[in-house]
Structures are given as C-alpha cells and as structure tokens.
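Okay, so here's the structure we're looking at.
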Amino acid sequence: LTSALHTACAPEALLFDMDGVLAAVSRSYRGAIVRTARSFGVRLTADEIDRAKARGDANDDWSLTQRLLAERGVEADLADVTRRFERFYQGKSPRPGLKRRERLLVPKAQLARLRERARLGIVTGRPRADAAESLERFGLPELFDAVVCREDAALKPDPAPPRLALATLGAKTGWLGGDTPDDVRSARGAGVIPIGIDAGVGA
C-alpha cells in the first residue's frame, strides 16, 4: 500500500506519449494515413481513424493504415503502404512533408517545471529519427533523459516501452500520459499509473 501511494502521489518519473500528447498530429501522422489511403483509392475520415485508434493495437500507423485499407476491401503490401505513407509524412524537395504541420501541445516552460519535480521520459511508437527531429524542432531534447522509440522495444500496448523508460531513468515509479487505450494498457502492464490526456490530436 505504501508503495502504491508513493507511486500515485510522488512519481519518480513522468512519461509522455508523443502523438496527441506532446505534439498535435491531426495534420501530420493522421493526415498521412488519410493521404496514403486516398492513394489507394480509399477515402478515410478523421472519425474513422479515431475509432480505429480507440479499438487498440493501433500504435503502428503503417500497419493501421494497411488494416483500414483491408477493411475497405483493398489488400495492400505493408512495404508499399509504408513507402507511400513516408512520402507524405517526410516530404520530398521542393514539397515539405506533413511533419512540418505538427505543433507543440505542451509549452516548453511547463515541461521544464515538471522536470524540476521528476525525471521526464518519452514512450512513443515513432521511429527514432522522427522523434528526434520533432524534439529538436520544438527545442526539447535537453528536457527528456529517456526517449523510447519503435526500434527500442515492442510497441504499446506491450508494457516493455514504459519499463525500459523507467530503467533508463533509474526510476521505480512513474506516470504515463497518453491519449489511447494502448497507452493505458501499456502503463498498467508496466506498473505505471496511466494518465488519460485529451490534449487535442486534432488541434
């Protein structure tokens, strides 16, 4: 009981998902899902993507896009889906990618204040290069001492990502702020308190 109360009231680490929590992605990652589907002749709405995310097992946007296409009767190779998705998200000179449309949802000053109280980490399904680029663009790298990405562990809802973040930070207790059921399941499996955040994916 004492340990549970300590975790609840005084976490050693504060972990954050990136998409929809630290960064608005309705016009970047979600936009890339829409455009990729359209390139296969399928029209998806933001509501349809939200419902798919809410069903869980949706932390990999490439696989999620493939699954949504299959639900519409379009069987697409994952490598092809990924290639098209990345073309829209990353962009190609002279056309900037959708990643440039992301914006920070939590002010840097607020994150800095939180860092005075606990160690900060990120647990994301993004590729490491994408996560690093976004953090650099927002001026945040120095605030996070652990950044767990898709290359580092099984994707949420597996509990491995928050466990690895805690280990990297040298922390035993923590909270995980996320906006999907996958975040909640991952946190609970790792013994971390899930904090549901509706920071506005569509913001």
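So you can find residues: chains in the structure tokens are A, B, ... in the order shown, residues in each start at 1, and ligands are numbered from 1 in order.
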
Using only C-alpha atoms, determine which residues lie at most 9 Å from Val148 of chain A, disregarding the query and same-chain residues fewer than 3 positions distant; provide the list as a count of residues only. 14

Long-range neighbours of segment 109-115 of chain A as a PyMOL selection string, 10 Å cut-off, only C-alpha atoms, 5 positions minimum in chain: chain A and resi 13-14+22+120-121+140+142-144

Go ahead and dump the residues you just picked, N, CA and C atoms, as an mmCIF file, in the first residue's frame.
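Wrote it out as out-v6.cif, contents follow:
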```cif
data_model
loop_
_atom_site.group_PDB
_atom_site.id
_atom_site.type_symbol
_atom_site.label_atom_id
_atom_site.label_comp_id
_atom_site.auth_asym_id
_atom_site.auth_seq_id
_atom_site.Cartn_x
_atom_site.Cartn_y
_atom_site.Cartn_z
ATOM 1 N N ALA A 13 9.248 9.336 -12.055
ATOM 2 C CA ALA A 13 9.358 9.650 -13.484
ATOM 3 C C ALA A 13 7.996 10.016 -14.056
ATOM 4 N N LEU A 14 7.996 10.959 -14.971
ATOM 5 C CA LEU A 14 6.807 11.329 -15.734
ATOM 6 C C LEU A 14 7.083 10.985 -17.191
ATOM 7 N N LEU A 22 2.193 15.324 -26.653
ATOM 8 C CA LEU A 22 3.168 16.410 -26.783
ATOM 9 C C LEU A 22 3.023 17.159 -28.103
ATOM 10 N N LEU A 120 11.925 13.114 -16.666
ATOM 11 C CA LEU A 120 10.993 13.057 -17.785
ATOM 12 C C LEU A 120 11.464 12.078 -18.853
ATOM 13 N N GLY A 121 10.508 11.365 -19.416
ATOM 14 C CA GLY A 121 10.813 10.439 -20.497
ATOM 15 C C GLY A 121 9.699 10.407 -21.523
ATOM 16 N N LEU A 140 13.266 20.717 -27.401
ATOM 17 C CA LEU A 140 13.019 19.962 -26.181
ATOM 18 C C LEU A 140 14.042 18.897 -25.799
ATOM 19 N N GLU A 142 16.852 18.558 -24.380
ATOM 20 C CA GLU A 142 17.527 18.565 -23.086
ATOM 21 C C GLU A 142 16.581 18.258 -21.924
ATOM 22 N N LEU A 143 15.277 18.250 -22.173
ATOM 23 C CA LEU A 143 14.318 18.030 -21.092
ATOM 24 C C LEU A 143 14.040 16.546 -20.838
ATOM 25 N N PHE A 144 14.330 15.702 -21.803
ATOM 26 C CA PHE A 144 13.987 14.286 -21.692
ATOM 27 C C PHE A 144 15.247 13.424 -21.654
#
```

Residue neighbourhood Leu166 of chain A, 12 Å, only C-alpha atoms, exclusion window fewer than 4 positions, as a ChimeraX atom specification: /A:11-16,118-123,145-148,159-162,170-176,187,190-192

Let's have the selection written as a tab-separated table (two decimals), in the first residue's frame, with N, CA, C and O atoms.
```
chain	number	residue	atom	x	y	z
A	11	PRO	N	5.55	10.35	-8.09
A	11	PRO	CA	6.25	9.52	-9.08
A	11	PRO	C	7.68	10.00	-9.29
A	11	PRO	O	7.94	11.20	-9.30
A	12	GLU	N	8.58	9.05	-9.45
A	12	GLU	CA	9.96	9.41	-9.75
A	12	GLU	C	10.14	9.85	-11.20
A	12	GLU	O	11.06	10.60	-11.52
A	13	ALA	N	9.25	9.34	-12.05
A	13	ALA	CA	9.36	9.65	-13.48
A	13	ALA	C	8.00	10.02	-14.06
A	13	ALA	O	6.97	9.45	-13.67
A	14	LEU	N	8.00	10.96	-14.97
A	14	LEU	CA	6.81	11.33	-15.73
A	14	LEU	C	7.08	10.99	-17.19
A	14	LEU	O	7.99	11.55	-17.81
A	15	LEU	N	6.31	10.04	-17.72
A	15	LEU	CA	6.50	9.58	-19.09
A	15	LEU	C	5.38	10.12	-19.97
A	15	LEU	O	4.24	10.24	-19.53
A	16	PHE	N	5.73	10.43	-21.21
A	16	PHE	CA	4.76	11.00	-22.14
A	16	PHE	C	4.75	10.24	-23.46
A	16	PHE	O	5.82	9.90	-24.00
A	118	ALA	N	10.34	15.74	-11.29
A	118	ALA	CA	10.54	14.33	-11.61
A	118	ALA	C	11.35	14.21	-12.89
A	118	ALA	O	11.46	15.17	-13.66
A	119	ARG	N	11.93	13.03	-13.11
A	119	ARG	CA	12.64	12.79	-14.36
A	119	ARG	C	11.62	12.59	-15.49
A	119	ARG	O	10.59	11.96	-15.29
A	120	LEU	N	11.92	13.11	-16.67
A	120	LEU	CA	10.99	13.06	-17.78
A	120	LEU	C	11.46	12.08	-18.85
A	120	LEU	O	12.65	12.00	-19.17
A	121	GLY	N	10.51	11.37	-19.42
A	121	GLY	CA	10.81	10.44	-20.50
A	121	GLY	C	9.70	10.41	-21.52
A	121	GLY	O	8.58	10.86	-21.26
A	122	ILE	N	10.01	9.89	-22.68
A	122	ILE	CA	9.05	9.75	-23.77
A	122	ILE	C	8.94	8.28	-24.14
A	122	ILE	O	9.95	7.57	-24.21
A	123	VAL	N	7.71	7.84	-24.36
A	123	VAL	CA	7.45	6.47	-24.81
A	123	VAL	C	6.58	6.59	-26.05
A	123	VAL	O	5.39	6.93	-25.96
A	145	ASP	N	15.38	12.70	-20.56
A	145	ASP	CA	16.57	11.85	-20.39
A	145	ASP	C	16.35	10.43	-20.87
A	145	ASP	O	17.28	9.61	-20.85
A	146	ALA	N	15.14	10.12	-21.29
A	146	ALA	CA	14.85	8.80	-21.88
A	146	ALA	C	13.85	9.01	-23.01
A	146	ALA	O	12.82	9.65	-22.82
A	147	VAL	N	14.17	8.49	-24.17
A	147	VAL	CA	13.27	8.55	-25.33
A	147	VAL	C	13.21	7.14	-25.91
A	147	VAL	O	14.14	6.69	-26.57
A	148	VAL	N	12.12	6.44	-25.63
A	148	VAL	CA	11.94	5.06	-26.09
A	148	VAL	C	11.10	5.09	-27.37
A	148	VAL	O	9.97	5.58	-27.36
A	159	PRO	N	3.92	-3.76	-22.35
A	159	PRO	CA	4.46	-2.96	-21.25
A	159	PRO	C	5.96	-2.67	-21.37
A	159	PRO	O	6.50	-1.90	-20.56
A	160	ALA	N	6.62	-3.25	-22.37
A	160	ALA	CA	8.07	-3.08	-22.47
A	160	ALA	C	8.52	-1.62	-22.60
A	160	ALA	O	9.53	-1.25	-21.98
A	161	PRO	N	7.85	-0.76	-23.40
A	161	PRO	CA	8.36	0.61	-23.54
A	161	PRO	C	8.42	1.40	-22.24
A	161	PRO	O	9.47	1.98	-21.93
A	162	PRO	N	7.33	1.46	-21.44
A	162	PRO	CA	7.47	2.22	-20.19
A	162	PRO	C	8.45	1.56	-19.21
A	162	PRO	O	9.12	2.27	-18.45
A	170	GLY	N	16.41	5.29	-14.29
A	170	GLY	CA	16.77	4.86	-12.94
A	170	GLY	C	15.64	5.09	-11.96
A	170	GLY	O	15.88	5.38	-10.78
A	171	ALA	N	14.41	4.95	-12.44
A	171	ALA	CA	13.24	5.20	-11.61
A	171	ALA	C	12.46	3.91	-11.39
A	171	ALA	O	12.44	3.03	-12.24
A	172	LYS	N	11.79	3.83	-10.25
A	172	LYS	CA	10.96	2.66	-9.95
A	172	LYS	C	9.47	2.97	-10.07
A	172	LYS	O	8.66	2.05	-10.23
A	173	THR	N	9.10	4.24	-9.96
A	173	THR	CA	7.69	4.61	-10.02
A	173	THR	C	7.49	5.69	-11.06
A	173	THR	O	8.40	6.49	-11.34
A	174	GLY	N	6.29	5.72	-11.64
A	174	GLY	CA	6.05	6.75	-12.65
A	174	GLY	C	4.61	6.82	-13.11
A	174	GLY	O	3.78	5.96	-12.78
A	175	TRP	N	4.34	7.85	-13.85
A	175	TRP	CA	3.06	8.04	-14.54
A	175	TRP	C	3.35	8.03	-16.04
A	175	TRP	O	4.44	8.40	-16.48
A	176	LEU	N	2.34	7.62	-16.82
A	176	LEU	CA	2.44	7.70	-18.27
A	176	LEU	C	1.24	8.45	-18.81
A	176	LEU	O	0.10	8.00	-18.68
A	187	ALA	N	0.83	1.10	-19.74
A	187	ALA	CA	1.18	1.63	-18.42
A	187	ALA	C	0.82	0.63	-17.33
A	187	ALA	O	1.63	0.33	-16.44
A	190	ALA	N	3.05	-2.28	-17.01
A	190	ALA	CA	4.39	-1.94	-16.51
A	190	ALA	C	4.36	-1.47	-15.06
A	190	ALA	O	5.41	-1.13	-14.50
A	191	GLY	N	3.16	-1.45	-14.45
A	191	GLY	CA	3.07	-0.97	-13.08
A	191	GLY	C	3.19	0.54	-12.96
A	191	GLY	O	3.54	1.07	-11.90
A	192	VAL	N	2.88	1.21	-14.07
A	192	VAL	CA	2.93	2.68	-14.12
A	192	VAL	C	1.50	3.20	-14.12
A	192	VAL	O	0.61	2.59	-14.72
```

Mind the document's chain letters and residue numbers, and return as a list in words the residues of segment 5-201 of chain A that DSSP labels strand (DSSP E).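 These are the residues in question: Ala13, Leu14, Leu15, Phe16, Ala23, Ala24, Gly91, Lys92, Arg95, Pro96, Arg103, Leu104, Arg119, Leu120, Gly121, Ile122, Val123, Ala146, Val147, Val148, Gly174, Trp175, Leu176, Gly177, Gly178, Ile193, Pro194, Ile195 and Gly196 of chain A.
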
Can you write out the residues you just picked, keeping C-alpha atoms, as a compact mmCIF listing (two decimals), in the first residue's frame?
```
# COMPACT_ATOMS: atom_id res chain seq x y z
CA ALA A 13 9.36 9.65 -13.48
CA LEU A 14 6.81 11.33 -15.73
CA LEU A 15 6.50 9.58 -19.09
CA PHE A 16 4.76 11.00 -22.14
CA ALA A 23 2.55 17.05 -30.47
CA ALA A 24 -0.62 17.71 -32.48
CA GLY A 91 8.06 15.11 -47.95
CA LYS A 92 10.46 15.46 -50.83
CA ARG A 95 7.46 19.91 -51.32
CA PRO A 96 7.66 19.90 -47.49
CA ARG A 103 2.86 21.85 -33.31
CA LEU A 104 3.76 21.53 -29.66
CA ARG A 119 12.64 12.79 -14.36
CA LEU A 120 10.99 13.06 -17.78
CA GLY A 121 10.81 10.44 -20.50
CA ILE A 122 9.05 9.75 -23.77
CA VAL A 123 7.45 6.47 -24.81
CA ALA A 146 14.85 8.80 -21.88
CA VAL A 147 13.27 8.55 -25.33
CA VAL A 148 11.94 5.06 -26.09
CA GLY A 174 6.05 6.75 -12.65
CA TRP A 175 3.06 8.04 -14.54
CA LEU A 176 2.44 7.70 -18.27
CA GLY A 177 0.41 10.39 -20.02
CA GLY A 178 -1.28 9.05 -23.12
CA ILE A 193 -0.09 4.87 -13.42
CA PRO A 194 -1.85 5.81 -16.69
CA ILE A 195 -2.94 9.41 -17.06
CA GLY A 196 -5.56 9.87 -19.77
```

Who sits within 12 Å of Asp47 of chain A, only C-alpha atoms, same chain under 4 positions skipped, as a list in words: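 Skipping anything fewer than 4 positions along the chain leaves Ser26, Arg30, Val34, Arg43, Arg51, Ala52, Lys53, Ala54, Val201 and Gly202 of chain A.
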
Take the residues from that selection and write them out as a JSON list (two decimals), in the first residue's frame, keeping C-alpha atoms.
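What landed in selection-v3.json:
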```
[["chain", "number", "residue", "atom", "x", "y", "z"],
["A", 26, "SER", "CA", -4.05, 15.54, -36.98],
["A", 30, "ARG", "CA", -3.19, 11.32, -39.19],
["A", 34, "VAL", "CA", -5.67, 9.83, -44.97],
["A", 43, "ARG", "CA", -11.34, 7.82, -48.50],
["A", 51, "ARG", "CA", -12.38, 4.87, -33.80],
["A", 52, "ALA", "CA", -9.60, 2.60, -35.04],
["A", 53, "LYS", "CA", -7.19, 4.09, -32.50],
["A", 54, "ALA", "CA", -9.80, 3.63, -29.76],
["A", 201, "VAL", "CA", -4.88, 15.33, -31.64],
["A", 202, "GLY", "CA", -6.93, 17.48, -33.98]]
```

Nearest to Ile33 of chain A by atom-to-atom distance, counting only C-alpha atoms, from A:Glu86, A:Asp182, A:Asp77, A:Asp19: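 When distances to Ile33 of chain A are compared using only C-alpha atoms, the smallest one comes from A:Glu86.
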
If you run DSSP on the backbone here, which positions in segment 38-167 of chain A get alpha helix (DSSP H)? Please write them as a short mmCIF file (atom, residue, chain, number, x, y, z; two decimals) with N, CA, C and O atoms, in the first residue's frame.
```cif
data_model
loop_
_atom_site.label_atom_id
_atom_site.label_comp_id
_atom_site.auth_asym_id
_atom_site.auth_seq_id
_atom_site.Cartn_x
_atom_site.Cartn_y
_atom_site.Cartn_z
N ARG A 38 -5.98 7.45 -49.60
CA ARG A 38 -6.51 8.04 -50.82
C ARG A 38 -5.70 7.62 -52.04
O ARG A 38 -6.22 7.44 -53.13
N SER A 39 -4.38 7.41 -51.83
CA SER A 39 -3.54 7.00 -52.96
C SER A 39 -3.88 5.58 -53.42
O SER A 39 -3.53 5.18 -54.53
N ALA A 46 -11.42 11.52 -40.33
CA ALA A 46 -10.74 11.61 -39.04
C ALA A 46 -11.47 10.77 -38.00
O ALA A 46 -10.83 10.13 -37.15
N ASP A 47 -12.80 10.74 -38.06
CA ASP A 47 -13.57 9.94 -37.10
C ASP A 47 -13.27 8.46 -37.24
O ASP A 47 -13.19 7.74 -36.24
N GLU A 48 -13.12 7.98 -38.46
CA GLU A 48 -12.81 6.57 -38.68
C GLU A 48 -11.45 6.21 -38.09
O GLU A 48 -11.27 5.14 -37.49
N ILE A 49 -10.49 7.11 -38.25
CA ILE A 49 -9.16 6.87 -37.68
C ILE A 49 -9.22 6.90 -36.16
O ILE A 49 -8.61 6.06 -35.48
N ASP A 50 -9.97 7.85 -35.60
CA ASP A 50 -10.13 7.91 -34.15
C ASP A 50 -10.73 6.63 -33.59
O ASP A 50 -10.30 6.12 -32.56
N ARG A 51 -11.75 6.11 -34.27
CA ARG A 51 -12.38 4.87 -33.80
C ARG A 51 -11.41 3.70 -33.87
O ARG A 51 -11.39 2.85 -32.98
N ALA A 52 -10.59 3.67 -34.92
CA ALA A 52 -9.60 2.60 -35.04
C ALA A 52 -8.57 2.70 -33.92
O ALA A 52 -8.15 1.68 -33.35
N LYS A 53 -8.14 3.90 -33.60
CA LYS A 53 -7.19 4.09 -32.50
C LYS A 53 -7.81 3.66 -31.17
O LYS A 53 -7.15 3.06 -30.32
N ALA A 54 -9.11 3.96 -31.00
CA ALA A 54 -9.80 3.63 -29.76
C ALA A 54 -9.98 2.13 -29.58
O ALA A 54 -10.12 1.65 -28.44
N ARG A 55 -9.97 1.38 -30.67
CA ARG A 55 -10.10 -0.08 -30.56
C ARG A 55 -8.82 -0.71 -30.01
O ARG A 55 -8.83 -1.83 -29.52
N ASP A 61 1.25 3.26 -37.17
CA ASP A 61 0.38 3.90 -38.17
C ASP A 61 0.50 3.25 -39.54
O ASP A 61 -0.44 3.29 -40.34
N TRP A 62 1.64 2.64 -39.84
CA TRP A 62 1.77 1.95 -41.13
C TRP A 62 0.85 0.73 -41.17
O TRP A 62 0.08 0.54 -42.12
N SER A 63 0.93 -0.07 -40.13
CA SER A 63 0.08 -1.27 -40.06
C SER A 63 -1.39 -0.89 -39.92
O SER A 63 -2.27 -1.57 -40.48
N LEU A 64 -1.66 0.17 -39.18
CA LEU A 64 -3.05 0.62 -39.03
C LEU A 64 -3.62 1.03 -40.38
O LEU A 64 -4.77 0.70 -40.71
N THR A 65 -2.84 1.75 -41.17
CA THR A 65 -3.29 2.16 -42.50
C THR A 65 -3.59 0.93 -43.36
O THR A 65 -4.62 0.86 -44.04
N GLN A 66 -2.70 -0.04 -43.31
CA GLN A 66 -2.92 -1.27 -44.07
C GLN A 66 -4.20 -1.96 -43.62
O GLN A 66 -4.99 -2.45 -44.44
N ARG A 67 -4.44 -1.99 -42.31
CA ARG A 67 -5.64 -2.64 -41.78
C ARG A 67 -6.91 -1.91 -42.21
O ARG A 67 -7.92 -2.55 -42.56
N LEU A 68 -6.88 -0.59 -42.18
CA LEU A 68 -8.04 0.18 -42.60
C LEU A 68 -8.33 -0.01 -44.09
O LEU A 68 -9.50 -0.04 -44.50
N LEU A 69 -7.28 -0.14 -44.88
CA LEU A 69 -7.46 -0.43 -46.30
C LEU A 69 -8.11 -1.80 -46.49
O LEU A 69 -9.03 -1.96 -47.30
N ALA A 70 -7.64 -2.78 -45.72
CA ALA A 70 -8.19 -4.13 -45.83
C ALA A 70 -9.68 -4.15 -45.47
O ALA A 70 -10.47 -4.88 -46.09
N GLU A 71 -10.06 -3.33 -44.48
CA GLU A 71 -11.46 -3.26 -44.08
C GLU A 71 -12.33 -2.70 -45.19
O GLU A 71 -13.54 -2.93 -45.21
N LEU A 78 2.41 -4.19 -47.05
CA LEU A 78 2.82 -3.26 -46.00
C LEU A 78 3.99 -2.40 -46.43
O LEU A 78 4.05 -1.20 -46.10
N ALA A 79 4.92 -2.96 -47.18
CA ALA A 79 6.07 -2.17 -47.64
C ALA A 79 5.62 -1.03 -48.54
O ALA A 79 6.16 0.09 -48.47
N ASP A 80 4.62 -1.29 -49.38
CA ASP A 80 4.11 -0.25 -50.28
C ASP A 80 3.36 0.81 -49.49
O ASP A 80 3.50 2.01 -49.73
N VAL A 81 2.55 0.36 -48.53
CA VAL A 81 1.83 1.31 -47.66
C VAL A 81 2.82 2.20 -46.94
O VAL A 81 2.66 3.43 -46.89
N THR A 82 3.86 1.60 -46.38
CA THR A 82 4.86 2.36 -45.63
C THR A 82 5.58 3.36 -46.53
O THR A 82 5.79 4.51 -46.13
N ARG A 83 5.93 2.94 -47.73
CA ARG A 83 6.64 3.84 -48.65
C ARG A 83 5.78 5.05 -48.99
O ARG A 83 6.26 6.19 -48.97
N ARG A 84 4.51 4.83 -49.29
CA ARG A 84 3.63 5.95 -49.63
C ARG A 84 3.40 6.85 -48.42
O ARG A 84 3.41 8.08 -48.53
N PHE A 85 3.18 6.24 -47.25
CA PHE A 85 2.98 7.00 -46.02
C PHE A 85 4.18 7.91 -45.76
O PHE A 85 4.02 9.11 -45.48
N GLU A 86 5.36 7.34 -45.85
CA GLU A 86 6.57 8.12 -45.57
C GLU A 86 6.78 9.24 -46.59
O GLU A 86 7.29 10.31 -46.24
N ARG A 87 6.38 9.01 -47.81
CA ARG A 87 6.50 10.06 -48.82
C ARG A 87 5.66 11.27 -48.42
O ARG A 87 6.11 12.41 -48.54
N PHE A 88 4.46 11.02 -47.91
CA PHE A 88 3.60 12.13 -47.50
C PHE A 88 4.10 12.77 -46.21
O PHE A 88 4.11 14.00 -46.07
N TYR A 89 4.51 11.94 -45.26
CA TYR A 89 4.93 12.48 -43.97
C TYR A 89 6.27 13.20 -44.05
O TYR A 89 6.42 14.32 -43.54
N GLN A 90 7.25 12.58 -44.69
CA GLN A 90 8.59 13.16 -44.74
C GLN A 90 8.71 14.27 -45.77
O GLN A 90 9.46 15.23 -45.58
N LYS A 108 6.96 24.53 -23.52
CA LYS A 108 8.28 24.12 -23.04
C LYS A 108 8.48 24.52 -21.58
O LYS A 108 9.04 23.76 -20.79
N ALA A 109 8.01 25.70 -21.20
CA ALA A 109 8.18 26.17 -19.83
C ALA A 109 7.46 25.25 -18.84
O ALA A 109 7.95 25.01 -17.73
N GLN A 110 6.31 24.73 -19.24
CA GLN A 110 5.58 23.82 -18.36
C GLN A 110 6.33 22.50 -18.19
O GLN A 110 6.40 21.95 -17.09
N LEU A 111 6.89 21.99 -19.28
CA LEU A 111 7.69 20.77 -19.19
C LEU A 111 8.91 20.99 -18.32
O LEU A 111 9.30 20.10 -17.55
N ALA A 112 9.52 22.15 -18.43
CA ALA A 112 10.69 22.45 -17.60
C ALA A 112 10.33 22.46 -16.12
O ALA A 112 11.12 21.99 -15.29
N ARG A 113 9.16 22.98 -15.80
CA ARG A 113 8.72 22.97 -14.40
C ARG A 113 8.49 21.54 -13.90
O ARG A 113 8.83 21.20 -12.77
N LEU A 114 7.91 20.71 -14.76
CA LEU A 114 7.68 19.32 -14.37
C LEU A 114 9.01 18.60 -14.14
O LEU A 114 9.12 17.76 -13.25
N ARG A 115 10.01 18.97 -14.92
CA ARG A 115 11.32 18.33 -14.79
C ARG A 115 11.98 18.66 -13.45
O ARG A 115 12.88 17.93 -12.99
N ARG A 128 12.88 6.42 -34.32
CA ARG A 128 13.76 7.32 -33.56
C ARG A 128 14.10 8.60 -34.32
O ARG A 128 14.13 9.69 -33.73
N ALA A 129 14.33 8.50 -35.61
CA ALA A 129 14.69 9.69 -36.38
C ALA A 129 13.57 10.72 -36.35
O ALA A 129 13.82 11.93 -36.23
N ASP A 130 12.31 10.26 -36.46
CA ASP A 130 11.17 11.19 -36.43
C ASP A 130 11.03 11.83 -35.06
O ASP A 130 10.79 13.05 -34.94
N ALA A 131 11.18 11.04 -34.00
CA ALA A 131 11.06 11.57 -32.65
C ALA A 131 12.14 12.60 -32.38
O ALA A 131 11.88 13.69 -31.86
N ALA A 132 13.38 12.28 -32.77
CA ALA A 132 14.50 13.19 -32.52
C ALA A 132 14.33 14.49 -33.29
O ALA A 132 14.59 15.58 -32.76
N GLU A 133 13.86 14.38 -34.53
CA GLU A 133 13.68 15.59 -35.34
C GLU A 133 12.62 16.50 -34.74
O GLU A 133 12.79 17.72 -34.69
N SER A 134 11.51 15.91 -34.29
CA SER A 134 10.45 16.72 -33.70
C SER A 134 10.91 17.38 -32.41
O SER A 134 10.63 18.57 -32.17
N LEU A 135 11.60 16.63 -31.57
CA LEU A 135 12.08 17.21 -30.32
C LEU A 135 13.05 18.36 -30.59
O LEU A 135 13.02 19.39 -29.91
N GLU A 136 13.88 18.19 -31.58
CA GLU A 136 14.83 19.25 -31.95
C GLU A 136 14.08 20.47 -32.46
O GLU A 136 14.41 21.61 -32.10
N ARG A 137 13.09 20.24 -33.28
CA ARG A 137 12.32 21.35 -33.86
C ARG A 137 11.59 22.15 -32.76
O ARG A 137 11.47 23.36 -32.84
N PHE A 138 11.12 21.43 -31.73
CA PHE A 138 10.41 22.09 -30.64
C PHE A 138 11.35 22.60 -29.55
O PHE A 138 10.90 23.23 -28.59
N ALA A 160 6.62 -3.25 -22.37
CA ALA A 160 8.07 -3.08 -22.47
C ALA A 160 8.52 -1.62 -22.60
O ALA A 160 9.53 -1.25 -21.98
N PRO A 161 7.85 -0.76 -23.40
CA PRO A 161 8.36 0.61 -23.54
C PRO A 161 8.42 1.40 -22.24
O PRO A 161 9.47 1.98 -21.93
N PRO A 162 7.33 1.46 -21.44
CA PRO A 162 7.47 2.22 -20.19
C PRO A 162 8.45 1.56 -19.21
O PRO A 162 9.12 2.27 -18.45
N ARG A 163 8.54 0.23 -19.23
CA ARG A 163 9.52 -0.42 -18.36
C ARG A 163 10.93 0.00 -18.74
O ARG A 163 11.77 0.28 -17.87
N LEU A 164 11.22 0.05 -20.04
CA LEU A 164 12.54 0.46 -20.50
C LEU A 164 12.81 1.92 -20.14
O LEU A 164 13.93 2.27 -19.74
N ALA A 165 11.79 2.77 -20.28
CA ALA A 165 11.96 4.18 -19.93
C ALA A 165 12.30 4.34 -18.46
O ALA A 165 13.20 5.11 -18.09
N LEU A 166 11.58 3.61 -17.59
CA LEU A 166 11.87 3.69 -16.16
C LEU A 166 13.29 3.22 -15.88
O LEU A 166 14.02 3.86 -15.10
N ALA A 167 13.69 2.12 -16.50
CA ALA A 167 15.04 1.60 -16.28
C ALA A 167 16.10 2.60 -16.73
O ALA A 167 17.11 2.81 -16.05
#
```

All residues 8 Å or closer to segment 40-42 of chain A, only C-alpha atoms, same chain fewer than 2 positions away omitted, as an mmCIF file with N, CA, C and O atoms, in the first residue's frame:
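Dumped to selection-v3.cif:
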```cif
data_model
loop_
_atom_site.group_PDB
_atom_site.id
_atom_site.type_symbol
_atom_site.label_atom_id
_atom_site.label_comp_id
_atom_site.auth_asym_id
_atom_site.auth_seq_id
_atom_site.Cartn_x
_atom_site.Cartn_y
_atom_site.Cartn_z
ATOM 1 N N THR A 36 -2.410 8.467 -47.638
ATOM 2 C CA THR A 36 -1.971 7.156 -48.105
ATOM 3 C C THR A 36 -3.168 6.328 -48.558
ATOM 4 O O THR A 36 -3.136 5.698 -49.624
ATOM 5 N N ALA A 37 -4.221 6.335 -47.749
ATOM 6 C CA ALA A 37 -5.434 5.600 -48.125
ATOM 7 C C ALA A 37 -5.991 6.121 -49.442
ATOM 8 O O ALA A 37 -6.399 5.346 -50.322
ATOM 9 N N ARG A 38 -5.984 7.448 -49.601
ATOM 10 C CA ARG A 38 -6.511 8.045 -50.825
ATOM 11 C C ARG A 38 -5.696 7.617 -52.041
ATOM 12 O O ARG A 38 -6.223 7.443 -53.133
ATOM 13 N N LEU A 44 -10.799 8.005 -46.159
ATOM 14 C CA LEU A 44 -10.973 7.819 -44.722
ATOM 15 C C LEU A 44 -11.251 9.169 -44.067
ATOM 16 O O LEU A 44 -10.734 10.199 -44.504
ATOM 17 N N LEU A 69 -7.278 -0.142 -44.879
ATOM 18 C CA LEU A 69 -7.461 -0.428 -46.301
ATOM 19 C C LEU A 69 -8.112 -1.803 -46.490
ATOM 20 O O LEU A 69 -9.031 -1.960 -47.300
ATOM 21 N N ARG A 72 -11.706 -1.957 -46.095
ATOM 22 C CA ARG A 72 -12.421 -1.410 -47.254
ATOM 23 C C ARG A 72 -12.245 -2.282 -48.494
ATOM 24 O O ARG A 72 -12.596 -1.877 -49.592
ATOM 25 N N VAL A 74 -9.342 -3.418 -49.792
ATOM 26 C CA VAL A 74 -8.109 -3.175 -50.548
ATOM 27 C C VAL A 74 -6.959 -3.882 -49.852
ATOM 28 O O VAL A 74 -6.557 -3.511 -48.740
#
```

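The coordinates place atom CA of Ala58 of chain A at 14.8 Å from atom CA of Ala32 of chain A.
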